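Engineer: Structure supplied as protein-v7.pdb; contents: PDB, C-alpha atoms, pLDDT in the B column.
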```pdb
ATOM      1  CA  PHE D 232      98.834 216.916-141.759  1.00 60.00           C
ATOM      2  CA  THR D 233     101.213 217.493-138.882  1.00 71.00           C
ATOM      3  CA  ASP D 234     104.392 215.549-138.198  1.00 81.00           C
ATOM      4  CA  LEU D 235     104.699 213.380-135.119  1.00 81.00           C
ATOM      5  CA  TYR D 236     107.873 213.655-133.050  1.00 84.00           C
ATOM      6  CA  LEU D 237     109.250 211.567-130.230  1.00 86.00           C
ATOM      7  CA  GLN D 238     109.741 213.387-126.939  1.00 88.00           C
ATOM      8  CA  SER D 239     112.602 211.051-126.040  1.00 87.00           C
ATOM      9  CA  PRO D 240     114.559 208.387-127.917  1.00 87.00           C
ATOM     10  CA  LEU D 241     113.328 204.806-128.002  1.00 88.00           C
ATOM     11  CA  ASP D 242     115.875 202.135-127.124  1.00 91.00           C
ATOM     12  CA  TYR D 243     115.043 198.556-128.045  1.00 92.00           C
ATOM     13  CA  GLU D 244     117.025 196.980-125.163  1.00 92.00           C
ATOM     14  CA  TRP D 245     115.475 199.298-122.555  1.00 91.00           C
ATOM     15  CA  TRP D 246     112.002 198.843-124.027  1.00 91.00           C
ATOM     16  CA  THR D 247     112.080 195.052-124.063  1.00 90.00           C
ATOM     17  CA  SER D 248     113.874 194.714-120.695  1.00 91.00           C
ATOM     18  CA  ASN D 249     110.964 196.619-119.123  1.00 93.00           C
ATOM     19  CA  ASN D 250     108.509 194.171-120.735  1.00 94.00           C
ATOM     20  CA  TYR D 251     106.783 196.788-122.857  1.00 91.00           C
ATOM     21  CA  PRO D 252     104.900 195.274-125.797  1.00 91.00           C
ATOM     22  CA  ASN D 253     106.516 195.281-129.204  1.00 91.00           C
ATOM     23  CA  PRO D 254     104.993 196.102-131.608  1.00 90.00           C
ATOM     24  CA  PHE D 255     102.856 198.583-129.758  1.00 89.00           C
ATOM     25  CA  ARG D 256      99.856 200.685-130.668  1.00 92.00           C
ATOM     26  CA  PHE D 257      99.014 204.270-129.883  1.00 89.00           C
ATOM     27  CA  ILE D 258      96.119 206.517-130.844  1.00 91.00           C
ATOM     28  CA  VAL D 259      96.445 210.143-131.865  1.00 88.00           C
ATOM     29  CA  GLU D 260      93.401 212.344-131.504  1.00 90.00           C
ATOM     30  CA  CYS D 261      93.101 214.841-134.359  1.00 89.00           C
ATOM     31  CA  THR D 262      90.804 217.804-134.755  1.00 90.00           C
ATOM     32  CA  VAL D 263      89.785 218.905-138.258  1.00 89.00           C
ATOM     33  CA  LEU D 264      89.910 222.689-138.091  1.00 89.00           C
ATOM     34  CA  ALA D 265      87.349 223.246-140.849  1.00 92.00           C
ATOM     35  CA  ASP D 266      84.479 221.600-138.973  1.00 94.00           C
ATOM     36  CA  GLN D 267      86.017 220.952-135.533  1.00 94.00           C
ATOM     37  CA  SER D 268      85.356 217.226-135.909  1.00 95.00           C
ATOM     38  CA  ILE D 269      87.534 214.901-133.847  1.00 95.00           C
ATOM     39  CA  HIS D 270      89.065 211.751-135.295  1.00 94.00           C
ATOM     40  CA  ASP D 271      91.279 209.078-133.802  1.00 94.00           C
ATOM     41  CA  ILE D 272      94.155 207.762-135.862  1.00 90.00           C
ATOM     42  CA  ASP D 273      95.421 204.364-134.787  1.00 92.00           C
ATOM     43  CA  PHE D 274      99.169 203.688-135.224  1.00 90.00           C
ATOM     44  CA  GLN D 275     101.173 200.537-134.758  1.00 92.00           C
ATOM     45  CA  LEU D 276     104.896 200.931-134.161  1.00 89.00           C
ATOM     46  CA  ASP D 277     107.349 198.056-134.430  1.00 92.00           C
ATOM     47  CA  LEU D 278     110.552 198.930-132.603  1.00 91.00           C
ATOM     48  CA  ILE D 279     113.506 197.328-134.429  1.00 91.00           C
ATOM     49  CA  ASP D 280     116.834 196.624-132.776  1.00 92.00           C
ATOM     50  CA  VAL D 281     119.973 198.169-134.272  1.00 91.00           C
ATOM     51  CA  ASN D 282     123.605 197.401-133.503  1.00 92.00           C
ATOM     52  CA  ASP D 283     124.088 200.131-130.900  1.00 93.00           C
ATOM     53  CA  ASN D 284     125.787 198.121-128.136  1.00 93.00           C
ATOM     54  CA  PRO D 285     129.232 196.502-128.137  1.00 95.00           C
ATOM     55  CA  PRO D 286     129.809 192.959-126.884  1.00 97.00           C
ATOM     56  CA  ILE D 287     130.652 192.798-123.171  1.00 96.00           C
ATOM     57  CA  PHE D 288     132.907 190.193-121.559  1.00 96.00           C
ATOM     58  CA  SER D 289     131.592 188.573-118.376  1.00 94.00           C
ATOM     59  CA  GLN D 290     134.888 189.579-116.685  1.00 94.00           C
ATOM     60  CA  SER D 291     137.321 192.374-117.489  1.00 93.00           C
ATOM     61  CA  ILE D 292     140.381 190.170-116.840  1.00 93.00           C
ATOM     62  CA  TYR D 293     140.723 186.393-116.878  1.00 93.00           C
ATOM     63  CA  TYR D 294     143.626 184.835-115.006  1.00 92.00           C
ATOM     64  CA  ILE D 295     144.815 181.479-116.282  1.00 91.00           C
ATOM     65  CA  SER D 296     147.641 179.357-114.850  1.00 91.00           C
ATOM     66  CA  LEU D 297     149.423 176.856-117.058  1.00 91.00           C
ATOM     67  CA  LEU D 298     152.068 174.240-116.409  1.00 93.00           C
ATOM     68  CA  GLU D 299     154.929 174.153-118.896  1.00 92.00           C
ATOM     69  CA  THR D 300     154.083 170.479-119.411  1.00 95.00           C
ATOM     70  CA  THR D 301     150.643 171.346-120.794  1.00 95.00           C
ATOM     71  CA  PRO D 302     150.285 169.350-124.030  1.00 97.00           C
ATOM     72  CA  ILE D 303     149.881 171.113-127.379  1.00 96.00           C
ATOM     73  CA  ASN D 304     146.232 171.311-128.554  1.00 96.00           C
ATOM     74  CA  THR D 305     144.964 171.463-124.977  1.00 96.00           C
ATOM     75  CA  ILE D 306     141.918 173.667-124.522  1.00 95.00           C
ATOM     76  CA  ILE D 307     143.129 176.149-121.916  1.00 89.00           C
ATOM     77  CA  SER D 308     139.973 177.904-120.801  1.00 83.00           C
ATOM     78  CA  THR D 309     136.293 177.600-121.607  1.00 82.00           C
ATOM     79  CA  ALA D 310     135.203 180.331-119.172  1.00 89.00           C
ATOM     80  CA  ILE D 311     136.056 183.238-121.490  1.00 93.00           C
ATOM     81  CA  SER D 312     132.852 184.642-122.944  1.00 94.00           C
ATOM     82  CA  ALA D 313     131.066 187.792-123.957  1.00 96.00           C
ATOM     83  CA  HIS D 314     127.469 188.702-124.725  1.00 95.00           C
ATOM     84  CA  ASP D 315     125.901 191.425-126.824  1.00 95.00           C
ATOM     85  CA  PRO D 316     122.803 193.208-125.499  1.00 93.00           C
ATOM     86  CA  ASP D 317     121.571 193.661-129.070  1.00 94.00           C
ATOM     87  CA  SER D 318     119.336 190.959-130.505  1.00 89.00           C
ATOM     88  CA  GLY D 319     119.173 189.062-133.761  1.00 88.00           C
ATOM     89  CA  VAL D 320     121.734 189.956-136.421  1.00 90.00           C
ATOM     90  CA  ALA D 321     122.638 193.125-134.492  1.00 91.00           C
ATOM     91  CA  GLY D 322     123.744 190.959-131.573  1.00 92.00           C
ATOM     92  CA  THR D 323     126.174 188.746-133.455  1.00 94.00           C
ATOM     93  CA  PHE D 324     129.908 189.166-132.957  1.00 96.00           C
ATOM     94  CA  SER D 325     133.215 187.386-133.440  1.00 97.00           C
ATOM     95  CA  TYR D 326     136.252 186.834-131.256  1.00 97.00           C
ATOM     96  CA  TYR D 327     139.840 187.273-132.362  1.00 94.00           C
ATOM     97  CA  LEU D 328     143.260 187.467-130.740  1.00 93.00           C
ATOM     98  CA  HIS D 329     144.475 191.065-130.701  1.00 90.00           C
ATOM     99  CA  ASN D 330     147.833 191.429-132.383  1.00 82.00           C
ATOM    100  CA  ASN D 331     149.537 193.563-129.732  1.00 73.00           C
ATOM    101  CA  LEU D 332     153.034 192.552-130.870  1.00 71.00           C
ATOM    102  CA  SER D 333     153.327 190.105-127.992  1.00 73.00           C
ATOM    103  CA  SER D 334     155.429 187.120-128.968  1.00 79.00           C
ATOM    104  CA  TYR D 335     153.107 185.022-126.800  1.00 85.00           C
ATOM    105  CA  ASN D 336     150.108 185.420-129.117  1.00 85.00           C
ATOM    106  CA  SER D 337     151.658 182.781-131.360  1.00 89.00           C
ATOM    107  CA  TYR D 338     151.369 180.228-128.533  1.00 92.00           C
ATOM    108  CA  PHE D 339     147.576 180.262-128.674  1.00 93.00           C
ATOM    109  CA  ARG D 340     144.629 180.227-131.027  1.00 93.00           C
ATOM    110  CA  LEU D 341     140.906 180.438-130.471  1.00 95.00           C
ATOM    111  CA  ILE D 342     138.675 177.413-130.990  1.00 94.00           C
ATOM    112  CA  SER D 343     136.667 179.455-133.508  1.00 96.00           C
ATOM    113  CA  PRO D 344     135.496 183.032-134.162  1.00 96.00           C
ATOM    114  CA  THR D 345     132.388 182.233-132.089  1.00 95.00           C
ATOM    115  CA  ASN D 346     134.209 180.523-129.201  1.00 95.00           C
ATOM    116  CA  ALA D 347     136.822 182.410-127.145  1.00 95.00           C
ATOM    117  CA  SER D 348     138.330 179.306-125.579  1.00 94.00           C
ATOM    118  CA  LEU D 349     142.100 179.261-126.020  1.00 94.00           C
ATOM    119  CA  ILE D 350     144.038 176.321-127.403  1.00 95.00           C
ATOM    120  CA  LEU D 351     147.759 175.925-126.778  1.00 95.00           C
ATOM    121  CA  VAL D 352     149.565 175.516-130.128  1.00 95.00           C
ATOM    122  CA  GLN D 353     153.240 175.711-129.062  1.00 93.00           C
ATOM    123  CA  PRO D 354     155.071 174.117-126.150  1.00 94.00           C
ATOM    124  CA  LEU D 355     155.686 176.307-123.112  1.00 93.00           C
ATOM    125  CA  ASN D 356     159.133 176.659-121.583  1.00 91.00           C
ATOM    126  CA  TYR D 357     159.369 178.068-118.073  1.00 89.00           C
ATOM    127  CA  ASN D 358     163.093 178.847-118.465  1.00 91.00           C
ATOM    128  CA  THR D 359     162.777 180.999-121.587  1.00 90.00           C
ATOM    129  CA  MET D 360     159.370 182.643-121.116  1.00 88.00           C
ATOM    130  CA  LEU D 361     158.108 185.345-118.813  1.00 87.00           C
ATOM    131  CA  SER D 362     156.203 183.855-115.915  1.00 86.00           C
ATOM    132  CA  ASN D 363     153.325 186.320-116.486  1.00 86.00           C
ATOM    133  CA  PHE D 364     152.152 187.650-119.829  1.00 87.00           C
ATOM    134  CA  ASN D 365     149.011 189.006-121.454  1.00 86.00           C
ATOM    135  CA  VAL D 366     147.033 187.733-124.397  1.00 89.00           C
ATOM    136  CA  THR D 367     144.195 189.983-125.516  1.00 90.00           C
ATOM    137  CA  ILE D 368     140.950 188.588-126.919  1.00 93.00           C
ATOM    138  CA  VAL D 369     138.660 191.026-128.684  1.00 95.00           C
ATOM    139  CA  ALA D 370     134.914 190.605-129.252  1.00 96.00           C
ATOM    140  CA  GLN D 371     133.649 192.689-132.165  1.00 95.00           C
TER     141      GLN D 371
END
```
Output the file's structure in the form of structure tokens.

Structural biologist:
Amino acid sequence: FTDLYLQSPLDYEWWTSNNYPNPFRFIVECTVLADQSIHDIDFQLDLIDVNDNPPIFSQSIYYISLLETTPINTIISTAISAHDPDSGVAGTFSYYLHNNLSSYNSYFRLISPTNASLILVQPLNYNTMLSNFNVTIVAQ
């Protein structure tokens, strides 16, 4: 028996985005050298998704303006989101605030590991804070 090899890699996301069937069937025609008889071997291949794509945010930067009078426990933004091109378990991910040594990270928390909306947890003070600062949310 001879091995079968792919001529190019199969990518689940590309395959399904082009509406190719999954699972799919293919037939290999084989010739028995001893008697030159020809036989078809029917294969069914089920292409399974693996975690080969990182989550992608819908924007690279989100700009949010806050008043210093914003009450604690206010949900700041619900527009922050990411998606993962992988499917099923391979497409699951969590959000977390990146600890980049910014003192402003402590002013916020996420609603949950599956929701990147920020909640204000400390009062803001225009006189003692920078007017612009960064908070980094990671999807992993």

Engineer: For the atom pair CA of Ile306 in chain D and CA of Ile292 in chain D, what is the interatomic distance in Å to one decimal place?

Structural biologist: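 Computing the Euclidean distance for CA of Ile306 in chain D and CA of Ile292 in chain D yields 18.3 Å.
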
Engineer: Evaluate the PyMOL selection byres ((chain D and resi 322) around 10) on the structure here and hand back the selected residues as an MDAnalysis selection string.

Structural biologist: chainID D and resid 280:286 314:321 323:324

Engineer: List the residues selected by the PyMOL selection byres ((chain D and resi 293-299) around 10) in the file shown, writing them as a list in words.

Structural biologist: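 With the PyMOL selection byres ((chain D and resi 293-299) around 10) on this model, the match is Phe288, Ser289, Gln290, Ser291, Ile292, Thr300, Thr301, Pro302, Ile307, Ser308, Ala310, Ile311, Leu351, Pro354, Leu355, Asn356, Tyr357, Asn358, Met360, Ser362, Asn363, Asn365, Val366 and Thr367 of chain D.
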
Engineer: Mind giving me the straight-line distance from CA of Asp266 in chain D to CA of Gln238 in chain D in Å, one decimal?

Structural biologist: 29.2 Å

Engineer: What is the CA of Glu260 in chain D to CA of Leu241 in chain D distance in Å?

Structural biologist: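 It comes out at 21.6 Å.
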
Engineer: I need the residue nearest Val352 in chain D from this list: D:Ser268, D:Asn253, D:Ser337, D:Ser239. Use all atoms listed in the file for the distance.

Structural biologist: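 Ranked by minimum distance to Val352 in chain D, first place goes to D:Ser337.
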
Engineer: Quick one: residues within 8 Å of range 343-345 of chain D, all atoms listed in the file, excluding same-chain residues fewer than 4 positions away - as a list in words?

Structural biologist: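 Residues meeting the cut-off are Phe324, Ser325, Tyr326 and Tyr327 of chain D.
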
Engineer: Would you compute the box with edges along x, y and z of the file around range 310-315 of chain D, including every atom the file lists for it and 6 Å extra on each side, and give its centre and edge lengths in Å to one decimal, as AutoDock Vina command-line options?

Structural biologist:
```
--center_x 131.0 --center_y 185.9 --center_z -123.0 --size_x 22.2 --size_y 23.1 --size_z 19.7
```

Engineer: Which one of D:Ile303, D:Leu278, D:Val263, D:Leu349 sits closest to Asp242 in chain D if you count only C-alpha atoms?

Structural biologist: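 Of all the options, D:Leu278 lies closest to Asp242 in chain D.
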
Engineer: Supply range 304-330 of chain D as a tab-separated table (two decimals), in the frame of the given file, with N, CA, C and O atoms built in where the input has gaps.

Structural biologist:
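Written output follows (out_15.tsv):
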```tsv
chain	number	residue	atom	x	y	z
D	304	ASN	N	147.64	171.53	-128.19
D	304	ASN	CA	146.23	171.31	-128.55
D	304	ASN	C	145.32	171.14	-127.36
D	304	ASN	O	144.17	170.73	-127.51
D	305	THR	N	145.81	171.47	-126.16
D	305	THR	CA	144.96	171.46	-124.98
D	305	THR	C	144.09	172.71	-124.98
D	305	THR	O	144.57	173.82	-125.25
D	306	ILE	N	142.81	172.52	-124.69
D	306	ILE	CA	141.92	173.67	-124.52
D	306	ILE	C	142.21	174.26	-123.15
D	306	ILE	O	142.09	173.59	-122.13
D	307	ILE	N	142.65	175.51	-123.14
D	307	ILE	CA	143.13	176.15	-121.92
D	307	ILE	C	141.99	176.64	-121.04
D	307	ILE	O	141.97	176.40	-119.85
D	308	SER	N	141.06	177.36	-121.61
D	308	SER	CA	139.97	177.90	-120.80
D	308	SER	C	138.69	177.93	-121.61
D	308	SER	O	138.68	178.35	-122.76
D	309	THR	N	137.61	177.51	-120.97
D	309	THR	CA	136.29	177.60	-121.61
D	309	THR	C	135.42	178.63	-120.91
D	309	THR	O	134.26	178.79	-121.24
D	310	ALA	N	135.98	179.36	-119.94
D	310	ALA	CA	135.20	180.33	-119.17
D	310	ALA	C	135.19	181.72	-119.82
D	310	ALA	O	134.48	182.60	-119.36
D	311	ILE	N	135.98	181.92	-120.86
D	311	ILE	CA	136.06	183.24	-121.49
D	311	ILE	C	134.85	183.41	-122.39
D	311	ILE	O	134.64	182.62	-123.32
D	312	SER	N	134.04	184.43	-122.11
D	312	SER	CA	132.85	184.64	-122.94
D	312	SER	C	132.39	186.09	-122.87
D	312	SER	O	132.68	186.80	-121.91
D	313	ALA	N	131.67	186.46	-123.90
D	313	ALA	CA	131.07	187.79	-123.96
D	313	ALA	C	129.62	187.64	-124.40
D	313	ALA	O	129.21	186.58	-124.89
D	314	HIS	N	128.84	188.68	-124.21
D	314	HIS	CA	127.47	188.70	-124.72
D	314	HIS	C	127.22	190.08	-125.31
D	314	HIS	O	127.89	191.05	-124.97
D	315	ASP	N	126.26	190.16	-126.20
D	315	ASP	CA	125.90	191.42	-126.82
D	315	ASP	C	124.45	191.72	-126.48
D	315	ASP	O	123.58	190.90	-126.75
D	316	PRO	N	124.18	192.88	-125.87
D	316	PRO	CA	122.80	193.21	-125.50
D	316	PRO	C	121.86	193.35	-126.70
D	316	PRO	O	120.65	193.25	-126.55
D	317	ASP	N	122.42	193.57	-127.89
D	317	ASP	CA	121.57	193.66	-129.07
D	317	ASP	C	121.03	192.27	-129.40
D	317	ASP	O	121.56	191.26	-128.97
D	318	SER	N	119.96	192.24	-130.18
D	318	SER	CA	119.34	190.96	-130.50
D	318	SER	C	119.43	190.68	-132.00
D	318	SER	O	119.72	191.58	-132.79
D	319	GLY	N	119.17	189.45	-132.35
D	319	GLY	CA	119.17	189.06	-133.76
D	319	GLY	C	120.53	189.30	-134.41
D	319	GLY	O	121.57	189.14	-133.79
D	320	VAL	N	120.50	189.70	-135.68
D	320	VAL	CA	121.73	189.96	-136.42
D	320	VAL	C	122.57	191.05	-135.75
D	320	VAL	O	123.79	190.99	-135.74
D	321	ALA	N	121.91	192.03	-135.15
D	321	ALA	CA	122.64	193.12	-134.49
D	321	ALA	C	123.42	192.64	-133.28
D	321	ALA	O	124.35	193.30	-132.84
D	322	GLY	N	123.07	191.48	-132.76
D	322	GLY	CA	123.74	190.96	-131.57
D	322	GLY	C	124.80	189.92	-131.86
D	322	GLY	O	125.32	189.30	-130.95
D	323	THR	N	125.14	189.73	-133.13
D	323	THR	CA	126.17	188.75	-133.46
D	323	THR	C	127.55	189.40	-133.42
D	323	THR	O	127.69	190.58	-133.73
D	324	PHE	N	128.54	188.64	-133.03
D	324	PHE	CA	129.91	189.17	-132.96
D	324	PHE	C	130.89	188.02	-133.10
D	324	PHE	O	130.52	186.85	-133.03
D	325	SER	N	132.14	188.37	-133.31
D	325	SER	CA	133.22	187.39	-133.44
D	325	SER	C	134.33	187.71	-132.47
D	325	SER	O	134.52	188.87	-132.10
D	326	TYR	N	135.06	186.67	-132.09
D	326	TYR	CA	136.25	186.83	-131.26
D	326	TYR	C	137.49	186.76	-132.14
D	326	TYR	O	137.50	186.06	-133.15
D	327	TYR	N	138.53	187.46	-131.74
D	327	TYR	CA	139.84	187.27	-132.36
D	327	TYR	C	140.92	187.66	-131.36
D	327	TYR	O	140.67	188.41	-130.41
D	328	LEU	N	142.12	187.11	-131.57
D	328	LEU	CA	143.26	187.47	-130.74
D	328	LEU	C	143.81	188.79	-131.24
D	328	LEU	O	144.10	188.94	-132.44
D	329	HIS	N	143.95	189.75	-130.34
D	329	HIS	CA	144.48	191.06	-130.70
D	329	HIS	C	145.97	190.95	-130.94
D	329	HIS	O	146.70	190.38	-130.13
D	330	ASN	N	146.41	191.47	-132.06
D	330	ASN	CA	147.83	191.43	-132.38
D	330	ASN	C	148.51	192.63	-131.72
D	330	ASN	O	148.64	193.68	-132.32
```
